file data_20.pdb (PDB, C-alpha atoms, pLDDT in the B column)
MODEL        1
ATOM      1  CA  GLY A 443       0.000   0.000   0.000  1.00 74.00           C
ATOM      2  CA  THR A 444       2.976   2.344  -0.204  1.00 84.00           C
ATOM      3  CA  LEU A 445       3.351   4.733  -3.124  1.00 90.00           C
ATOM      4  CA  VAL A 446       6.961   4.689  -4.371  1.00 94.00           C
ATOM      5  CA  GLU A 447       8.550   7.427  -6.473  1.00 96.00           C
ATOM      6  CA  ILE A 448      11.937   6.948  -8.114  1.00 97.00           C
ATOM      7  CA  GLY A 449      13.835   9.698  -9.898  1.00 95.00           C
ATOM      8  CA  ALA A 450      17.122   9.504 -11.779  1.00 95.00           C
ATOM      9  CA  LEU A 451      19.341  12.181 -13.277  1.00 92.00           C
ATOM     10  CA  ALA A 452      21.295  10.729 -16.173  1.00 87.00           C
ATOM     11  CA  ASP A 453      22.920  11.606 -19.469  1.00 85.00           C
ATOM     12  CA  ALA A 454      20.394  10.172 -21.930  1.00 80.00           C
ATOM     13  CA  SER A 455      23.111   9.592 -24.522  1.00 81.00           C
ATOM     14  CA  THR A 456      24.957   7.082 -22.330  1.00 88.00           C
ATOM     15  CA  ILE A 457      22.475   5.727 -19.755  1.00 91.00           C
ATOM     16  CA  ASP A 458      18.952   4.364 -20.143  1.00 94.00           C
ATOM     17  CA  ALA A 459      17.290   5.993 -17.129  1.00 94.00           C
ATOM     18  CA  ASP A 460      13.977   4.212 -17.809  1.00 95.00           C
ATOM     19  CA  ALA A 461      15.697   0.820 -17.625  1.00 96.00           C
ATOM     20  CA  ALA A 462      17.528   1.862 -14.446  1.00 97.00           C
ATOM     21  CA  ILE A 463      14.280   2.953 -12.813  1.00 97.00           C
ATOM     22  CA  ALA A 464      12.601  -0.295 -13.903  1.00 98.00           C
ATOM     23  CA  ALA A 465      15.466  -2.242 -12.296  1.00 98.00           C
ATOM     24  CA  ALA A 466      15.043  -0.246  -9.074  1.00 98.00           C
ATOM     25  CA  PHE A 467      11.306  -0.986  -8.985  1.00 98.00           C
ATOM     26  CA  ALA A 468      12.044  -4.670  -9.650  1.00 98.00           C
ATOM     27  CA  ARG A 469      14.450  -4.673  -6.707  1.00 98.00           C
ATOM     28  CA  ILE A 470      11.770  -3.174  -4.444  1.00 97.00           C
ATOM     29  CA  ALA A 471       9.322  -5.859  -5.607  1.00 96.00           C
ATOM     30  CA  ALA A 472      11.876  -8.563  -4.729  1.00 97.00           C
ATOM     31  CA  VAL A 473      12.311  -7.096  -1.233  1.00 97.00           C
ATOM     32  CA  GLN A 474       8.515  -7.037  -0.857  1.00 95.00           C
ATOM     33  CA  ARG A 475       8.271 -10.714  -1.851  1.00 96.00           C
ATOM     34  CA  SER A 476      10.851 -11.590   0.820  1.00 97.00           C
ATOM     35  CA  LEU A 477       9.964  -9.342   3.757  1.00 97.00           C
ATOM     36  CA  SER A 478       6.214  -8.688   3.652  1.00 95.00           C
ATOM     37  CA  ARG A 479       4.068 -10.418   6.243  1.00 94.00           C
ATOM     38  CA  PHE A 480       1.214 -10.160   3.717  1.00 94.00           C
ATOM     39  CA  GLU A 481       2.917 -12.220   0.968  1.00 93.00           C
ATOM     40  CA  PRO A 482       2.102 -15.897   1.740  1.00 93.00           C
ATOM     41  CA  GLY A 483       5.420 -17.213   0.407  1.00 95.00           C
ATOM     42  CA  SER A 484       7.651 -14.552   1.938  1.00 97.00           C
ATOM     43  CA  ASP A 485      10.352 -15.460   4.426  1.00 98.00           C
ATOM     44  CA  VAL A 486       8.450 -13.521   7.110  1.00 97.00           C
ATOM     45  CA  ALA A 487       5.056 -15.114   6.375  1.00 97.00           C
ATOM     46  CA  ARG A 488       6.602 -18.598   6.354  1.00 97.00           C
ATOM     47  CA  PHE A 489       8.202 -17.881   9.760  1.00 98.00           C
ATOM     48  CA  ASN A 490       4.926 -16.571  11.156  1.00 97.00           C
ATOM     49  CA  ALA A 491       3.049 -19.681   9.998  1.00 97.00           C
ATOM     50  CA  ALA A 492       5.739 -22.089  11.224  1.00 97.00           C
ATOM     51  CA  PRO A 493       5.384 -24.134  14.408  1.00 97.00           C
ATOM     52  CA  ASP A 494       7.557 -23.883  17.498  1.00 96.00           C
ATOM     53  CA  GLY A 495      11.060 -25.195  16.815  1.00 97.00           C
ATOM     54  CA  ALA A 496      10.885 -24.671  13.039  1.00 97.00           C
ATOM     55  CA  ARG A 497      14.002 -23.723  11.122  1.00 98.00           C
ATOM     56  CA  ILE A 498      13.383 -22.132   7.746  1.00 97.00           C
ATOM     57  CA  ALA A 499      15.784 -21.138   4.988  1.00 98.00           C
ATOM     58  CA  ILE A 500      15.683 -17.412   4.190  1.00 98.00           C
ATOM     59  CA  GLY A 501      17.134 -15.190   1.496  1.00 97.00           C
ATOM     60  CA  ALA A 502      19.748 -12.454   1.600  1.00 97.00           C
ATOM     61  CA  ASP A 503      17.264  -9.616   2.160  1.00 98.00           C
ATOM     62  CA  ALA A 504      15.749 -11.269   5.228  1.00 98.00           C
ATOM     63  CA  GLN A 505      19.214 -12.145   6.560  1.00 98.00           C
ATOM     64  CA  HIS A 506      20.363  -8.548   6.212  1.00 97.00           C
ATOM     65  CA  VAL A 507      17.255  -6.954   7.719  1.00 97.00           C
ATOM     66  CA  LEU A 508      16.939  -9.434  10.584  1.00 97.00           C
ATOM     67  CA  GLY A 509      20.617  -8.903  11.417  1.00 96.00           C
ATOM     68  CA  ALA A 510      20.033  -5.151  11.582  1.00 96.00           C
ATOM     69  CA  ALA A 511      16.841  -5.708  13.594  1.00 96.00           C
ATOM     70  CA  ARG A 512      18.701  -7.805  16.158  1.00 96.00           C
ATOM     71  CA  ALA A 513      21.418  -5.128  16.459  1.00 96.00           C
ATOM     72  CA  LEU A 514      18.777  -2.413  16.955  1.00 93.00           C
ATOM     73  CA  ALA A 515      16.939  -4.528  19.526  1.00 93.00           C
ATOM     74  CA  ASP A 516      20.161  -5.066  21.465  1.00 94.00           C
ATOM     75  CA  ALA A 517      21.186  -1.392  21.243  1.00 95.00           C
ATOM     76  CA  SER A 518      17.750  -0.221  22.421  1.00 92.00           C
ATOM     77  CA  ASP A 519      17.421  -2.773  25.227  1.00 93.00           C
ATOM     78  CA  GLY A 520      14.482  -4.317  23.389  1.00 90.00           C
ATOM     79  CA  VAL A 521      12.537  -1.143  22.622  1.00 89.00           C
ATOM     80  CA  PHE A 522      12.940  -1.908  18.914  1.00 89.00           C
ATOM     81  CA  ASP A 523      11.171  -5.240  18.589  1.00 93.00           C
ATOM     82  CA  VAL A 524      10.234  -6.782  15.223  1.00 95.00           C
ATOM     83  CA  THR A 525       7.944  -9.227  17.044  1.00 94.00           C
ATOM     84  CA  LEU A 526       5.803  -6.377  18.383  1.00 91.00           C
ATOM     85  CA  GLY A 527       5.840  -8.010  21.802  1.00 91.00           C
ATOM     86  CA  SER A 528       5.012 -11.534  20.631  1.00 94.00           C
ATOM     87  CA  GLY A 529       8.436 -12.960  21.461  1.00 92.00           C
ATOM     88  CA  ARG A 530      11.387 -10.595  21.425  1.00 91.00           C
ATOM     89  CA  ASP A 531      13.852 -13.399  22.067  1.00 92.00           C
ATOM     90  CA  ALA A 532      11.824 -16.123  20.351  1.00 96.00           C
ATOM     91  CA  TRP A 533      13.674 -16.010  17.018  1.00 97.00           C
ATOM     92  CA  ARG A 534      17.240 -16.586  16.020  1.00 96.00           C
ATOM     93  CA  CYS A 535      18.809 -15.888  12.655  1.00 96.00           C
ATOM     94  CA  GLU A 536      21.974 -17.855  11.933  1.00 95.00           C
ATOM     95  CA  GLY A 537      23.118 -17.231   8.385  1.00 93.00           C
ATOM     96  CA  ARG A 538      20.476 -18.533   6.006  1.00 97.00           C
ATOM     97  CA  ILE A 539      18.466 -20.223   8.775  1.00 98.00           C
ATOM     98  CA  LEU A 540      15.753 -18.486  10.796  1.00 98.00           C
ATOM     99  CA  GLY A 541      14.701 -20.405  13.870  1.00 97.00           C
ATOM    100  CA  LYS A 542      11.396 -20.041  15.676  1.00 97.00           C
ATOM    101  CA  LEU A 543      11.752 -20.571  19.411  1.00 97.00           C
ATOM    102  CA  SER A 544       8.096 -20.048  20.357  1.00 96.00           C
ATOM    103  CA  ALA A 545       4.868 -20.847  18.536  1.00 95.00           C
ATOM    104  CA  THR A 546       3.461 -17.419  19.466  1.00 95.00           C
ATOM    105  CA  ALA A 547       6.297 -15.383  17.916  1.00 96.00           C
ATOM    106  CA  ARG A 548       5.397 -13.309  14.873  1.00 97.00           C
ATOM    107  CA  ILE A 549       7.723 -11.028  12.906  1.00 97.00           C
ATOM    108  CA  ASP A 550       6.669  -7.746  11.300  1.00 95.00           C
ATOM    109  CA  LEU A 551       9.441  -5.869   9.498  1.00 95.00           C
ATOM    110  CA  GLY A 552       7.310  -2.780   8.842  1.00 87.00           C
ATOM    111  CA  GLY A 553       9.589  -0.665  11.034  1.00 81.00           C
ATOM    112  CA  ILE A 554      12.735  -1.506   9.088  1.00 92.00           C
ATOM    113  CA  GLY A 555      11.902  -3.274   5.823  1.00 93.00           C
ATOM    114  CA  LYS A 556      10.834  -0.219   3.842  1.00 92.00           C
ATOM    115  CA  GLY A 557      14.153   1.499   4.541  1.00 93.00           C
ATOM    116  CA  HIS A 558      15.950  -1.594   3.283  1.00 96.00           C
ATOM    117  CA  ALA A 559      13.824  -1.557   0.125  1.00 96.00           C
ATOM    118  CA  VAL A 560      14.749   2.091  -0.472  1.00 97.00           C
ATOM    119  CA  ASP A 561      18.456   1.315  -0.002  1.00 97.00           C
ATOM    120  CA  ALA A 562      18.194  -1.677  -2.353  1.00 98.00           C
ATOM    121  CA  ALA A 563      16.546   0.503  -5.021  1.00 98.00           C
ATOM    122  CA  VAL A 564      19.329   3.102  -4.699  1.00 98.00           C
ATOM    123  CA  GLU A 565      21.912   0.320  -5.106  1.00 98.00           C
ATOM    124  CA  ALA A 566      20.095  -0.876  -8.255  1.00 98.00           C
ATOM    125  CA  LEU A 567      20.164   2.649  -9.674  1.00 97.00           C
ATOM    126  CA  GLY A 568      23.883   2.915  -8.962  1.00 96.00           C
ATOM    127  CA  ALA A 569      24.553  -0.460 -10.576  1.00 96.00           C
ATOM    128  CA  ALA A 570      22.774   0.821 -13.704  1.00 96.00           C
ATOM    129  CA  GLY A 571      25.106   3.830 -13.843  1.00 95.00           C
ATOM    130  CA  ILE A 572      22.834   6.439 -12.271  1.00 96.00           C
ATOM    131  CA  ALA A 573      25.016   8.901 -10.348  1.00 95.00           C
ATOM    132  CA  ALA A 574      22.228  11.055  -8.891  1.00 96.00           C
ATOM    133  CA  GLY A 575      18.615  10.468  -7.980  1.00 97.00           C
ATOM    134  CA  TRP A 576      16.148   9.637  -5.265  1.00 97.00           C
ATOM    135  CA  VAL A 577      13.760   7.022  -3.951  1.00 98.00           C
ATOM    136  CA  ASN A 578      10.726   8.055  -1.921  1.00 95.00           C
ATOM    137  CA  ALA A 579       8.664   5.269  -0.381  1.00 93.00           C
ATOM    138  CA  GLY A 580       5.899   6.886   1.631  1.00 85.00           C
ATOM    139  CA  GLY A 581       7.875   8.524   4.401  1.00 81.00           C
ATOM    140  CA  ASP A 582      11.246   6.898   3.694  1.00 91.00           C
ATOM    141  CA  LEU A 583      13.263   9.160   1.400  1.00 94.00           C
ATOM    142  CA  ARG A 584      16.831   8.839   0.171  1.00 97.00           C
ATOM    143  CA  ALA A 585      18.670  11.228  -2.165  1.00 97.00           C
ATOM    144  CA  PHE A 586      22.107  10.571  -3.625  1.00 97.00           C
ATOM    145  CA  GLY A 587      24.582  12.313  -5.873  1.00 96.00           C
ATOM    146  CA  ALA A 588      24.157  15.887  -7.110  1.00 95.00           C
ATOM    147  CA  VAL A 589      20.481  16.316  -6.218  1.00 95.00           C
ATOM    148  CA  THR A 590      18.801  18.251  -3.408  1.00 96.00           C
ATOM    149  CA  LEU A 591      15.193  17.529  -2.533  1.00 94.00           C
ATOM    150  CA  PRO A 592      12.782  19.624  -0.491  1.00 93.00           C
ATOM    151  CA  ILE A 593      11.200  17.949   2.504  1.00 91.00           C
ATOM    152  CA  ASP A 594       7.658  19.104   3.175  1.00 86.00           C
ATOM    153  CA  LEU A 595       5.666  18.116   6.234  1.00 81.00           C
ATOM    154  CA  ARG A 596       1.930  17.627   6.135  1.00 78.00           C
ATOM    155  CA  ASP A 597      -0.037  19.908   8.461  1.00 78.00           C
ATOM    156  CA  GLU A 598      -2.583  17.446   9.794  1.00 74.00           C
ATOM    157  CA  ASP A 599      -4.408  20.042  11.872  1.00 77.00           C
ATOM    158  CA  GLY A 600      -4.713  22.912   9.400  1.00 83.00           C
ATOM    159  CA  GLY A 601      -4.219  21.090   6.097  1.00 86.00           C
ATOM    160  CA  GLY A 602      -1.622  21.607   3.419  1.00 89.00           C
ATOM    161  CA  VAL A 603       2.120  21.231   3.746  1.00 89.00           C
ATOM    162  CA  ARG A 604       5.007  23.339   4.975  1.00 87.00           C
ATOM    163  CA  ARG A 605       8.647  23.276   3.965  1.00 91.00           C
ATOM    164  CA  PHE A 606      10.706  21.628   6.669  1.00 87.00           C
ATOM    165  CA  ALA A 607      14.185  21.115   5.195  1.00 91.00           C
ATOM    166  CA  HIS A 608      16.213  20.084   2.166  1.00 95.00           C
ATOM    167  CA  LEU A 609      17.916  16.724   1.739  1.00 95.00           C
ATOM    168  CA  ALA A 610      21.157  16.155  -0.149  1.00 96.00           C
ATOM    169  CA  ASP A 611      23.074  12.860  -0.238  1.00 96.00           C
ATOM    170  CA  GLY A 612      21.275  11.351   2.724  1.00 96.00           C
ATOM    171  CA  ALA A 613      18.127   9.727   4.044  1.00 95.00           C
ATOM    172  CA  PHE A 614      15.104  10.954   5.966  1.00 94.00           C
ATOM    173  CA  ALA A 615      12.271   8.890   7.415  1.00 90.00           C
ATOM    174  CA  THR A 616       9.145   9.932   9.282  1.00 82.00           C
ATOM    175  CA  SER A 617       6.675   7.752  11.140  1.00 78.00           C
ATOM    176  CA  ARG A 618       3.319   8.712  12.552  1.00 72.00           C
ATOM    177  CA  LEU A 619       2.742   7.658  16.139  1.00 71.00           C
ATOM    178  CA  ALA A 620      -0.755   7.570  17.590  1.00 71.00           C
ATOM    179  CA  ALA A 621      -0.724   7.843  21.366  1.00 71.00           C
ATOM    180  CA  ALA A 622      -3.415   7.414  23.983  1.00 73.00           C
ATOM    181  CA  GLY A 623      -6.176  10.010  24.012  1.00 77.00           C
ATOM    182  CA  GLY A 624      -6.001  10.595  20.259  1.00 75.00           C
ATOM    183  CA  LEU A 625      -2.696  12.464  20.437  1.00 75.00           C
ATOM    184  CA  VAL A 626      -0.741  12.134  17.189  1.00 73.00           C
ATOM    185  CA  ARG A 627       3.006  12.603  17.044  1.00 73.00           C
ATOM    186  CA  HIS A 628       5.612  12.203  14.355  1.00 73.00           C
ATOM    187  CA  ALA A 629       9.114  10.879  14.758  1.00 79.00           C
ATOM    188  CA  SER A 630      11.724  11.658  12.120  1.00 81.00           C
ATOM    189  CA  VAL A 631      15.250  10.359  11.615  1.00 86.00           C
ATOM    190  CA  ALA A 632      17.844  11.885   9.291  1.00 86.00           C
ATOM    191  CA  ALA A 633      21.005  10.121   8.224  1.00 88.00           C
TER     192      ALA A 633
ENDMDL
END

call {"tool": "encode", "arguments": {"input": "data_20.pdb", "output": "structure tokens"}}
result
Amino acid sequence: GTLVEIGALADASTIDADAAIAAAFARIAAVQRSLSRFEPGSDVARFNAAPDGARIAIGADAQHVLGAARALADASDGVFDVTLGSGRDAWRCEGRILGKLSATARIDLGGIGKGHAVDAAVEALGAAGIAAGWVNAGGDLRAFGAVTLPIDLRDEDGGGVRRFAHLADGAFATSRLAAAGGLVRHASVAA
């Protein structure tokens, strides 16, 4: 359900920007097929459906993202939890094998997977010879090379948008957080 925009700046006489963008979208689709809990054959969906004690083979995208997720969980003393409380320590990723240590554990990579998809699309653009461009996946934005993008924030109370910043050769992600009592907050990270 995320709208993805990909832009590439290229010399049309030497680089096929349309093909590069198509390759970047294909890379995002591959990440989706691996990491989405909604795709029945994905690594995540197979883990979620597996019984206690199961060991399933996973692909490179899941290995990479689960490794980062474990590092973030450890660094945050468990605040970052891809199981959303269903079993923080009930999974173990060892190379290409993901083990399920509790039948109740479920993984949701929504808090980290989209950023990985954006990074993978940028890598695909670079591999196709694109030296400057951007990938925007609904709140996860990355710009690279000689391009500067405006960052506008939506005014949810009054409507419209307002200019917040500009992004050059970096990444910016915003998440909406709904708190008790109807309070809505946003958390943003720039890298």

call {"tool": "residues_around", "arguments": {"input": "data_20.pdb", "residues": "segment 578-580 of chain A", "least_positions_apart": "5", "cutoff": "9 Å", "atoms": "all atoms listed in the file", "output": "number ranges by chain"}}
result
A: 444-449, 556-557, 559-560, 585, 615-616

call {"tool": "closest_residue", "arguments": {"input": "data_20.pdb", "among": "A:Ala563, A:Ala574, A:Leu591, A:Ile554", "to": "Ser617 of chain A", "atoms": "only C-alpha atoms"}}
result
A:Ile554

call {"tool": "closest_atom_pairs", "arguments": {"input": "data_20.pdb", "of": "segment 447-486 of chain A", "to": "segment 499-508 of chain A", "cutoff": "7 Å", "atoms": "only C-alpha atoms", "output": "CSV"}}
result
residue,atom,partner,partner_atom,distance
A:Val473,CA,A:Asp503,CA,6.5
A:Ser476,CA,A:Ala504,CA,6.6
A:Leu477,CA,A:Ala504,CA,6.3
A:Asp485,CA,A:Ile500,CA,5.7

call {"tool": "atom_distance", "arguments": {"input": "data_20.pdb", "atom1": "atom CA of Asp594 of chain A", "atom2": "atom CA of Leu451 of chain A"}}
result
21.3 Å

call {"tool": "closest_residue", "arguments": {"input": "data_20.pdb", "among": "A:Arg548, A:Asp453, A:Val524, A:Arg530", "to": "Asp494 of chain A", "atoms": "only C-alpha atoms"}}
result
A:Arg548

call {"tool": "closest_residue", "arguments": {"input": "data_20.pdb", "among": "A:Asp582, A:Ala588, A:Phe467, A:His608", "to": "Ser630 of chain A", "atoms": "all atoms listed in the file"}}
result
A:Asp582

call {"tool": "resolve_selection", "arguments": {"input": "data_20.pdb", "expression": "the PyMOL selection byres ((chain A and resi 450) around 12)", "output": "number ranges by chain"}}
result
A: 447-449, 451-454, 457-466, 563-564, 566-568, 570-578, 584-589

call {"tool": "write_last_selection", "arguments": {"input": "data_20.pdb", "atoms": "C-alpha atoms", "output": "PDB file, in the frame of the given file"}}
result
ATOM      1  CA  GLU A 447       8.550   7.427  -6.473  1.00 96.00           C
ATOM      2  CA  ILE A 448      11.937   6.948  -8.114  1.00 97.00           C
ATOM      3  CA  GLY A 449      13.835   9.698  -9.898  1.00 95.00           C
ATOM      4  CA  LEU A 451      19.341  12.181 -13.277  1.00 92.00           C
ATOM      5  CA  ALA A 452      21.295  10.729 -16.173  1.00 87.00           C
ATOM      6  CA  ASP A 453      22.920  11.606 -19.469  1.00 85.00           C
ATOM      7  CA  ALA A 454      20.394  10.172 -21.930  1.00 80.00           C
ATOM      8  CA  ILE A 457      22.475   5.727 -19.755  1.00 91.00           C
ATOM      9  CA  ASP A 458      18.952   4.364 -20.143  1.00 94.00           C
ATOM     10  CA  ALA A 459      17.290   5.993 -17.129  1.00 94.00           C
ATOM     11  CA  ASP A 460      13.977   4.212 -17.809  1.00 95.00           C
ATOM     12  CA  ALA A 461      15.697   0.820 -17.625  1.00 96.00           C
ATOM     13  CA  ALA A 462      17.528   1.862 -14.446  1.00 97.00           C
ATOM     14  CA  ILE A 463      14.280   2.953 -12.813  1.00 97.00           C
ATOM     15  CA  ALA A 464      12.601  -0.295 -13.903  1.00 98.00           C
ATOM     16  CA  ALA A 465      15.466  -2.242 -12.296  1.00 98.00           C
ATOM     17  CA  ALA A 466      15.043  -0.246  -9.074  1.00 98.00           C
ATOM     18  CA  ALA A 563      16.546   0.503  -5.021  1.00 98.00           C
ATOM     19  CA  VAL A 564      19.329   3.102  -4.699  1.00 98.00           C
ATOM     20  CA  ALA A 566      20.095  -0.876  -8.255  1.00 98.00           C
ATOM     21  CA  LEU A 567      20.164   2.649  -9.674  1.00 97.00           C
ATOM     22  CA  GLY A 568      23.883   2.915  -8.962  1.00 96.00           C
ATOM     23  CA  ALA A 570      22.774   0.821 -13.704  1.00 96.00           C
ATOM     24  CA  GLY A 571      25.106   3.830 -13.843  1.00 95.00           C
ATOM     25  CA  ILE A 572      22.834   6.439 -12.271  1.00 96.00           C
ATOM     26  CA  ALA A 573      25.016   8.901 -10.348  1.00 95.00           C
ATOM     27  CA  ALA A 574      22.228  11.055  -8.891  1.00 96.00           C
ATOM     28  CA  GLY A 575      18.615  10.468  -7.980  1.00 97.00           C
ATOM     29  CA  TRP A 576      16.148   9.637  -5.265  1.00 97.00           C
ATOM     30  CA  VAL A 577      13.760   7.022  -3.951  1.00 98.00           C
ATOM     31  CA  ASN A 578      10.726   8.055  -1.921  1.00 95.00           C
ATOM     32  CA  ARG A 584      16.831   8.839   0.171  1.00 97.00           C
ATOM     33  CA  ALA A 585      18.670  11.228  -2.165  1.00 97.00           C
ATOM     34  CA  PHE A 586      22.107  10.571  -3.625  1.00 97.00           C
ATOM     35  CA  GLY A 587      24.582  12.313  -5.873  1.00 96.00           C
ATOM     36  CA  ALA A 588      24.157  15.887  -7.110  1.00 95.00           C
ATOM     37  CA  VAL A 589      20.481  16.316  -6.218  1.00 95.00           C
TER      38      VAL A 589
END

call {"tool": "resolve_selection", "arguments": {"input": "data_20.pdb", "expression": "the PyMOL selection byres ((chain A and resi 609) around 8)", "output": "number ranges by chain"}}
result
A: 585, 590-593, 607-608, 610-614

call {"tool": "residues_near_point", "arguments": {"input": "data_20.pdb", "point": "(1.4, 15.6, 7.5)", "cutoff": "12 Å", "atoms": "only C-alpha atoms", "output": "MDAnalysis selection string"}}
result
chainID A and resid 580:581 593:606 616:619 626:630

call {"tool": "atom_distance", "arguments": {"input": "data_20.pdb", "atom1": "atom CA of Ile549 of chain A", "atom2": "atom CA of Ala632 of chain A"}}
result
25.3 Å

call {"tool": "atom_distance", "arguments": {"input": "data_20.pdb", "atom1": "atom CA of Glu565 of chain A", "atom2": "atom CA of Ser518 of chain A"}}
result
27.8 Å

call {"tool": "axis_aligned_box", "arguments": {"input": "data_20.pdb", "around": "segment 487-499 of chain A", "padding_each_side": "6 Å", "output": "lines of an AutoDock Vina configuration file"}}
result
center_x = 9.4
center_y = -20.2
center_z = 11.2
size_x = 24.7
size_y = 22.1
size_z = 24.5

call {"tool": "closest_residue", "arguments": {"input": "data_20.pdb", "among": "A:Ala562, A:Ala492, A:Ile470, A:Ala513", "to": "Ser544 of chain A", "atoms": "all atoms listed in the file"}}
result
A:Ala492

call {"tool": "closest_residue", "arguments": {"input": "data_20.pdb", "among": "A:His558, A:Arg488, A:Lys542, A:Arg497", "to": "Ser528 of chain A", "atoms": "all atoms listed in the file"}}
result
A:Lys542

call {"tool": "decode", "arguments": {"input": "data_20.pdb", "residues": "segment 509-529 of chain A", "atoms": "N, CA and C atoms", "output": "mmCIF file, in the first residue's frame"}}
result
data_model
loop_
_atom_site.group_PDB
_atom_site.id
_atom_site.type_symbol
_atom_site.label_atom_id
_atom_site.label_comp_id
_atom_site.auth_asym_id
_atom_site.auth_seq_id
_atom_site.Cartn_x
_atom_site.Cartn_y
_atom_site.Cartn_z
ATOM 1 N N GLY A 509 19.370 -9.215 10.722
ATOM 2 C CA GLY A 509 20.617 -8.903 11.417
ATOM 3 C C GLY A 509 20.604 -7.481 11.955
ATOM 4 N N ALA A 510 20.141 -6.543 11.132
ATOM 5 C CA ALA A 510 20.033 -5.151 11.582
ATOM 6 C C ALA A 510 18.994 -5.022 12.696
ATOM 7 N N ALA A 511 17.882 -5.756 12.573
ATOM 8 C CA ALA A 511 16.841 -5.708 13.594
ATOM 9 C C ALA A 511 17.360 -6.213 14.939
ATOM 10 N N ARG A 512 18.141 -7.281 14.906
ATOM 11 C CA ARG A 512 18.701 -7.805 16.158
ATOM 12 C C ARG A 512 19.654 -6.783 16.783
ATOM 13 N N ALA A 513 20.487 -6.143 15.951
ATOM 14 C CA ALA A 513 21.418 -5.128 16.459
ATOM 15 C C ALA A 513 20.655 -3.948 17.067
ATOM 16 N N LEU A 514 19.586 -3.512 16.418
ATOM 17 C CA LEU A 514 18.777 -2.413 16.955
ATOM 18 C C LEU A 514 18.071 -2.817 18.245
ATOM 19 N N ALA A 515 17.585 -4.038 18.299
ATOM 20 C CA ALA A 515 16.939 -4.528 19.526
ATOM 21 C C ALA A 515 17.936 -4.534 20.678
ATOM 22 N N ASP A 516 19.133 -5.024 20.421
ATOM 23 C CA ASP A 516 20.161 -5.066 21.465
ATOM 24 C C ASP A 516 20.566 -3.661 21.896
ATOM 25 N N ALA A 517 20.754 -2.752 20.928
ATOM 26 C CA ALA A 517 21.186 -1.392 21.243
ATOM 27 C C ALA A 517 20.119 -0.596 21.981
ATOM 28 N N SER A 518 18.846 -0.959 21.778
ATOM 29 C CA SER A 518 17.750 -0.221 22.421
ATOM 30 C C SER A 518 17.196 -0.949 23.648
ATOM 31 N N ASP A 519 17.895 -1.953 24.107
ATOM 32 C CA ASP A 519 17.421 -2.773 25.227
ATOM 33 C C ASP A 519 16.008 -3.307 24.979
ATOM 34 N N GLY A 520 15.746 -3.689 23.730
ATOM 35 C CA GLY A 520 14.482 -4.317 23.389
ATOM 36 C C GLY A 520 13.358 -3.379 23.006
ATOM 37 N N VAL A 521 13.598 -2.066 23.023
ATOM 38 C CA VAL A 521 12.537 -1.143 22.622
ATOM 39 C C VAL A 521 12.182 -1.362 21.154
ATOM 40 N N PHE A 522 13.199 -1.546 20.305
ATOM 41 C CA PHE A 522 12.940 -1.908 18.914
ATOM 42 C C PHE A 522 12.734 -3.417 18.881
ATOM 43 N N ASP A 523 11.533 -3.830 18.507
ATOM 44 C CA ASP A 523 11.171 -5.240 18.589
ATOM 45 C C ASP A 523 10.349 -5.637 17.364
ATOM 46 N N VAL A 524 10.941 -6.385 16.442
ATOM 47 C CA VAL A 524 10.234 -6.782 15.223
ATOM 48 C C VAL A 524 9.138 -7.808 15.484
ATOM 49 N N THR A 525 9.045 -8.311 16.715
ATOM 50 C CA THR A 525 7.944 -9.227 17.044
ATOM 51 C C THR A 525 6.756 -8.484 17.651
ATOM 52 N N LEU A 526 6.878 -7.202 17.815
ATOM 53 C CA LEU A 526 5.803 -6.377 18.383
ATOM 54 C C LEU A 526 5.275 -6.976 19.687
ATOM 55 N N GLY A 527 6.202 -7.468 20.495
ATOM 56 C CA GLY A 527 5.840 -8.010 21.802
ATOM 57 C C GLY A 527 5.437 -9.469 21.814
ATOM 58 N N SER A 528 5.461 -10.138 20.669
ATOM 59 C CA SER A 528 5.012 -11.534 20.631
ATOM 60 C C SER A 528 6.128 -12.529 20.955
ATOM 61 N N GLY A 529 7.334 -12.045 21.142
ATOM 62 C CA GLY A 529 8.436 -12.960 21.461
ATOM 63 C C GLY A 529 9.780 -12.380 21.075
#
